[in-house]
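**Q** Provided herewith: coords.csv, CSV, C-alpha atoms.
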```
chain,number,residue,atom,x,y,z
A,149,MET,CA,-19.1,-56.1,38.0
A,150,SER,CA,-18.2,-52.4,38.0
A,151,GLU,CA,-17.5,-50.7,41.3
A,152,THR,CA,-17.0,-47.2,42.7
A,153,LYS,CA,-13.6,-46.4,44.2
A,154,VAL,CA,-13.1,-43.3,46.3
A,155,ILE,CA,-9.8,-41.5,45.9
A,156,ASP,CA,-9.0,-39.1,48.6
A,157,ALA,CA,-6.7,-36.4,47.2
A,158,CYS,CA,-7.7,-33.6,49.6
A,159,ASN,CA,-5.1,-31.1,50.8
A,160,THR,CA,-2.8,-31.5,47.8
A,161,TYR,CA,-2.6,-29.1,44.9
A,162,CYS,CA,-2.5,-29.1,41.1
A,163,PRO,CA,-1.7,-31.5,39.4
A,164,GLY,CA,-1.7,-33.8,42.4
A,165,PRO,CA,-5.4,-34.8,42.4
A,166,LEU,CA,-5.5,-35.3,38.6
A,167,MET,CA,-2.4,-37.5,38.7
A,168,GLU,CA,-3.9,-39.5,41.6
A,169,LEU,CA,-7.1,-40.0,39.4
A,170,ILE,CA,-5.0,-41.1,36.4
A,171,THR,CA,-3.0,-43.5,38.5
A,172,TYR,CA,-6.1,-45.3,39.7
A,173,MET,CA,-7.8,-45.0,36.3
A,174,LYS,CA,-5.0,-47.0,34.7
A,175,GLN,CA,-5.7,-49.8,37.2
A,176,ALA,CA,-9.5,-49.7,36.9
A,177,GLU,CA,-11.7,-51.9,34.7
A,178,VAL,CA,-13.8,-50.4,31.9
A,179,GLY,CA,-17.1,-49.4,33.5
A,180,ASP,CA,-15.7,-48.7,36.9
A,181,VAL,CA,-16.5,-45.3,38.5
A,182,LEU,CA,-13.8,-43.4,40.3
A,183,GLU,CA,-14.9,-40.7,42.8
A,184,LEU,CA,-12.1,-38.1,43.3
A,185,LEU,CA,-12.2,-36.0,46.5
A,186,SER,CA,-10.3,-32.8,46.2
A,187,THR,CA,-10.0,-29.4,48.0
A,188,ASP,CA,-8.2,-27.9,45.0
A,189,SER,CA,-10.7,-25.8,43.1
A,190,GLY,CA,-8.8,-26.0,39.8
A,191,THR,CA,-9.2,-29.7,39.8
A,192,ALA,CA,-13.0,-29.3,39.3
A,193,ASN,CA,-12.2,-27.6,36.0
A,194,ASP,CA,-9.2,-29.7,35.0
A,195,VAL,CA,-10.7,-33.2,35.4
A,196,PRO,CA,-13.6,-32.7,32.9
A,197,GLU,CA,-11.1,-31.3,30.4
A,198,TRP,CA,-8.9,-34.4,30.8
A,199,VAL,CA,-11.9,-36.7,30.7
A,200,ASN,CA,-13.1,-35.1,27.5
A,201,LYS,CA,-9.7,-35.4,25.8
A,202,ILE,CA,-9.1,-39.0,26.8
A,203,GLY,CA,-12.6,-40.2,26.1
A,204,HIS,CA,-13.9,-41.3,29.5
A,205,GLU,CA,-17.3,-40.2,30.9
A,206,MET,CA,-18.1,-37.6,33.6
A,207,VAL,CA,-20.6,-38.9,36.0
A,208,GLY,CA,-20.9,-36.0,38.3
A,209,SER,CA,-19.2,-33.1,40.0
A,210,GLU,CA,-20.4,-31.3,43.1
A,211,LYS,CA,-18.9,-29.4,46.0
A,212,VAL,CA,-19.9,-30.6,49.5
A,213,GLY,CA,-18.5,-28.2,52.1
A,214,ASP,CA,-14.9,-27.6,51.1
A,215,VAL,CA,-14.5,-30.8,49.1
A,216,TRP,CA,-15.2,-31.4,45.5
A,217,HIS,CA,-16.6,-34.9,44.7
A,218,ILE,CA,-15.8,-35.6,41.0
A,219,SER,CA,-17.0,-38.9,39.6
A,220,VAL,CA,-15.6,-40.4,36.3
A,221,ARG,CA,-16.5,-43.6,34.6
A,222,LYS,CA,-13.7,-45.4,32.7
A,223,ALA,CA,-14.9,-45.8,29.2
A,224,LYS,CA,-12.1,-47.6,27.4
B,240,MET,CA,-5.8,-34.3,19.2
B,241,SER,CA,-2.4,-35.0,20.6
B,242,SER,CA,0.6,-32.7,20.6
B,243,GLU,CA,4.3,-33.0,21.0
B,244,TYR,CA,6.0,-31.1,23.8
B,245,HIS,CA,9.8,-30.8,24.0
B,246,ILE,CA,10.8,-29.3,27.4
B,247,ILE,CA,14.2,-27.9,28.2
B,248,CYS,CA,15.0,-27.5,31.9
B,249,VAL,CA,18.2,-25.5,32.7
B,250,SER,CA,17.3,-23.5,35.8
B,251,GLY,CA,17.8,-25.0,39.3
B,252,SER,CA,15.1,-22.8,40.9
B,253,HIS,CA,12.3,-24.6,42.6
B,254,GLU,CA,9.5,-22.6,40.8
B,255,LYS,CA,10.8,-23.3,37.3
B,256,LEU,CA,11.4,-27.0,37.9
B,257,GLN,CA,7.9,-27.2,39.5
B,258,MET,CA,6.2,-25.6,36.5
B,259,ALA,CA,8.2,-27.8,34.0
B,260,ALA,CA,7.2,-30.9,36.0
B,261,MET,CA,3.5,-29.8,36.1
B,262,VAL,CA,3.5,-29.3,32.3
B,263,ALA,CA,5.3,-32.6,31.6
B,264,SER,CA,3.1,-34.7,33.9
B,265,VAL,CA,-0.3,-33.3,32.8
B,266,ALA,CA,0.6,-33.3,29.1
B,267,ALA,CA,2.0,-36.8,29.2
B,268,ALA,CA,-0.9,-38.2,31.2
B,269,SER,CA,-3.3,-36.5,28.7
B,270,GLY,CA,-1.9,-38.5,25.8
B,271,ASP,CA,0.6,-36.0,24.4
B,272,ALA,CA,4.2,-37.0,23.5
B,273,VAL,CA,6.6,-35.4,26.0
B,274,THR,CA,10.4,-35.2,26.0
B,275,VAL,CA,12.3,-33.4,28.8
B,276,PHE,CA,15.9,-32.4,28.3
B,277,PHE,CA,17.7,-31.7,31.5
B,278,SER,CA,20.9,-29.6,31.5
B,279,MET,CA,22.9,-27.1,33.5
B,280,ASN,CA,21.6,-26.6,37.1
B,281,ALA,CA,18.4,-28.6,36.5
B,282,LEU,CA,20.3,-31.8,36.0
B,283,THR,CA,22.1,-31.8,39.4
B,284,TYR,CA,18.9,-32.8,41.3
B,285,PHE,CA,18.7,-36.0,39.4
B,286,VAL,CA,22.2,-37.3,40.2
B,287,GLU,CA,21.6,-40.5,42.2
B,288,GLY,CA,21.8,-39.8,46.0
B,289,SER,CA,21.6,-36.1,45.6
B,290,THR,CA,20.0,-34.4,48.6
B,291,VAL,CA,20.3,-30.9,47.3
B,292,VAL,CA,17.1,-28.9,47.8
B,293,ALA,CA,16.1,-26.6,45.0
B,294,PRO,CA,16.3,-23.0,46.2
B,295,ALA,CA,13.3,-20.7,45.9
B,296,GLU,CA,13.5,-17.8,43.4
B,297,GLY,CA,11.0,-15.8,45.4
B,298,ASP,CA,8.3,-16.0,48.0
B,299,PHE,CA,6.2,-18.5,46.0
B,300,GLY,CA,9.0,-21.1,46.2
B,301,GLY,CA,8.6,-21.0,50.0
B,302,LEU,CA,4.9,-21.7,49.6
B,303,LEU,CA,5.6,-24.7,47.5
B,304,ASP,CA,7.6,-26.2,50.4
B,305,LYS,CA,5.0,-25.4,53.0
B,306,LYS,CA,1.8,-26.6,51.2
B,307,GLY,CA,1.0,-30.0,49.9
B,308,VAL,CA,2.3,-29.5,46.4
B,309,PRO,CA,3.6,-32.7,44.7
B,310,PRO,CA,7.5,-32.6,44.6
B,311,PHE,CA,8.8,-31.9,41.1
B,312,LYS,CA,10.9,-35.1,41.0
B,313,GLN,CA,7.7,-37.1,41.7
B,314,LEU,CA,5.8,-35.3,38.9
B,315,PHE,CA,8.6,-36.0,36.4
B,316,GLN,CA,8.6,-39.6,37.4
B,317,GLN,CA,4.8,-39.8,37.0
B,318,ALA,CA,5.1,-38.2,33.6
B,319,ALA,CA,7.4,-41.1,32.6
B,320,ASP,CA,5.4,-43.8,34.4
B,321,LEU,CA,1.8,-42.7,33.5
B,322,GLY,CA,2.4,-41.0,30.2
B,323,ASP,CA,5.6,-42.5,28.7
B,324,ALA,CA,7.4,-39.1,28.9
B,325,VAL,CA,11.1,-39.4,28.0
B,326,LEU,CA,13.5,-37.9,30.4
B,327,LEU,CA,16.9,-37.1,28.8
B,328,PRO,CA,20.1,-35.9,30.4
B,329,CYS,CA,22.3,-33.4,28.4
B,330,SER,CA,25.5,-35.0,27.4
B,331,MET,CA,27.5,-31.8,27.8
B,332,ALA,CA,26.2,-31.3,31.4
B,333,MET,CA,27.1,-34.9,32.2
B,334,ASP,CA,30.6,-34.4,30.9
B,335,LEU,CA,31.0,-31.3,33.1
B,336,LEU,CA,29.6,-33.0,36.1
B,337,GLU,CA,31.8,-36.1,35.3
B,338,ILE,CA,28.9,-38.5,35.6
B,339,THR,CA,27.6,-41.4,33.5
B,340,ASP,CA,24.1,-42.8,32.8
B,341,ALA,CA,24.6,-45.0,35.8
B,342,ASN,CA,24.9,-42.0,38.2
B,343,LEU,CA,21.4,-40.7,37.3
B,344,ASP,CA,18.1,-41.6,38.9
B,345,PRO,CA,16.2,-44.6,37.4
B,346,GLY,CA,13.9,-43.6,34.6
B,347,PHE,CA,16.3,-41.4,32.7
B,348,GLY,CA,17.1,-42.2,29.1
B,349,PRO,CA,20.6,-42.1,27.5
B,350,ALA,CA,22.9,-39.1,27.4
B,351,THR,CA,21.7,-36.9,24.6
B,352,GLY,CA,23.3,-34.1,22.6
B,353,LEU,CA,21.6,-30.9,21.9
B,354,THR,CA,21.7,-31.4,18.2
B,355,LYS,CA,19.7,-34.7,18.4
B,356,PHE,CA,17.3,-33.2,20.8
B,357,LEU,CA,16.6,-30.2,18.6
B,358,MET,CA,16.2,-32.4,15.5
B,359,ASP,CA,13.7,-34.6,17.3
B,360,ALA,CA,11.9,-31.4,18.5
B,361,GLU,CA,11.3,-30.1,15.0
B,362,GLY,CA,7.6,-29.4,14.5
B,363,GLY,CA,6.7,-29.8,18.1
B,364,LYS,CA,6.2,-27.3,20.9
B,365,LEU,CA,9.4,-26.2,22.6
B,366,LEU,CA,9.3,-24.9,26.1
B,367,THR,CA,12.2,-23.7,28.2
B,368,PHE,CA,12.4,-23.4,32.0
```
Write the structure described by the file as structure tokens, please.

**A**
Amino acid sequence: MSETKVIDACNTYCPGPLMELITYMKQAEVGDVLELLSTDSGTANDVPEWVNKIGHEMVGSEKVGDVWHISVRKAK
Amino acid sequence: MSSEYHIICVSGSHEKLQMAAMVASVAAASGDAVTVFFSMNALTYFVEGSTVVAPAEGDFGGLLDKKGVPPFKQLFQQAADLGDAVLLPCSMAMDLLEITDANLDPGFGPATGLTKFLMDAEGGKLLTF
């Protein structure tokens, strides 16, 4: 059964949040959703680019207060 | 579409090593083939047990220390671990430093000559820091 894992990468800077996401993505199962929390605004642009290149699926991206919540589903 | 990045690190400045590590880690983790060739002042930080801190070139280097920026050594290691980047020490620099492969941090490939590095880099993108 797929699950959502929250990765708190707040208060670090590029490419820290992306590398955190990739670390957990390698351990995840296909279908799992990872929610990345980041205060680095560049991450909100970079993650969709990475997801598009690798072939995963963007589930959502929204800013709540100072924190970006970026959700990605592992597709392969 | 994947690319090949061949990165030469020679500077010992914090800013240049940080940028090289950022490029290496993001490219490698995005499926691109990455090779990093360390020589001159850049290699000294990767000698096992080295506690030397990379000096800042300017004010921005100080910001890198104060804020939560991932250390460049961690990013190079992630490039290797997550994206199979190849980290290569320059054989000439190793001779001058009087060190062997055993003296370098784990994760480094074999001592490599500039000729082989350049031949392998043919056709790829070559970046120098």

**Q** I'd like the neighbourhood of Glu254 in chain B as a VMD selection string, where a residue qualifies if any of its atoms comes within 8 Å (using only C-alpha atoms), though same-chain residues fewer than 5 positions away should be ignored.

**A** chain B and resid 295 to 296 299 to 300

**Q** Which protein, DNA or RNA residues are at most 12 Å from (-15.4, -47.5, 34.4) in the file's coordinates when you count all atoms listed in the file, listed as a PyMOL selection string?

**A** chain A and resi 149-153+172-183+199+203-207+219-224

**Q** Counting only C-alpha atoms, a student should be able to say which residues of chain A come within 12 Å of chain B; what is the right answer, written as a count of residues only?

**A** 33

**Q** How many Å lie between CA of Ala341 in chain B and CA of Met258 in chain B, rounded to one decimal?

**A**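 The value is 26.7 Å.
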
**Q** Give me the residues within 6 Å of range 243-246 of chain B as a list in words, counting all atoms listed in the file and dropping any in the same chain fewer than 6 places off.

**A** Asp271, Ala272, Val273, Thr274, Val275, Ala360, Gly363, Lys364, Leu365, Leu366 and Thr367 of chain B

**Q** Calculate how many Å separate CA of Gln257 in chain B from CA of Phe311 in chain B, rounding to one decimal.

**A**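 Spanning CA of Gln257 in chain B to CA of Phe311 in chain B is a straight-line distance of 5.0 Å.
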
**Q** Just how far from CA of Asp298 in chain B is CA of Phe315 in chain B, in Å to one decimal?

**A**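 According to the coordinates, CA of Phe315 in chain B and CA of Asp298 in chain B are separated by 23.1 Å.
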
**Q** With 7 Å as the threshold, what does the neighbourhood of (20.6, -43.3, 40.4) contain in terms of residues, counting all atoms listed in the file? Coordinates are those of the file; answer as a list in words.

**A**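 Residues with an atom at most 7 Å from (20.6, -43.3, 40.4): Val286, Glu287, Gly288, Ala341, Asn342, Leu343, Asp344 and Pro345 of chain B.
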
**Q** Could the residues in this selection be saved with C-alpha atoms as a PDB file, in the coordinates of the input?

**A**
```pdb
ATOM      1  CA  VAL B 286      22.200 -37.300  40.200  1.00  0.00           C
ATOM      2  CA  GLU B 287      21.600 -40.500  42.200  1.00  0.00           C
ATOM      3  CA  GLY B 288      21.800 -39.800  46.000  1.00  0.00           C
ATOM      4  CA  ALA B 341      24.600 -45.000  35.800  1.00  0.00           C
ATOM      5  CA  ASN B 342      24.900 -42.000  38.200  1.00  0.00           C
ATOM      6  CA  LEU B 343      21.400 -40.700  37.300  1.00  0.00           C
ATOM      7  CA  ASP B 344      18.100 -41.600  38.900  1.00  0.00           C
ATOM      8  CA  PRO B 345      16.200 -44.600  37.400  1.00  0.00           C
TER       9      PRO B 345
END
```

**Q** Which neighbours of Ala281 in chain B fall inside 9 Å, counting only C-alpha atoms, when residues of the same chain fewer than 4 positions from it are skipped, and could you give them as a short mmCIF file (atom, residue, chain, number, x, y, z; two decimals) with C-alpha atoms, in the frame of the given file?

**A**
```
data_model
loop_
_atom_site.label_atom_id
_atom_site.label_comp_id
_atom_site.auth_asym_id
_atom_site.auth_seq_id
_atom_site.Cartn_x
_atom_site.Cartn_y
_atom_site.Cartn_z
CA CYS B 248 15.00 -27.50 31.90
CA VAL B 249 18.20 -25.50 32.70
CA SER B 250 17.30 -23.50 35.80
CA GLY B 251 17.80 -25.00 39.30
CA SER B 252 15.10 -22.80 40.90
CA LEU B 256 11.40 -27.00 37.90
CA PHE B 277 17.70 -31.70 31.50
CA PHE B 285 18.70 -36.00 39.40
#
```
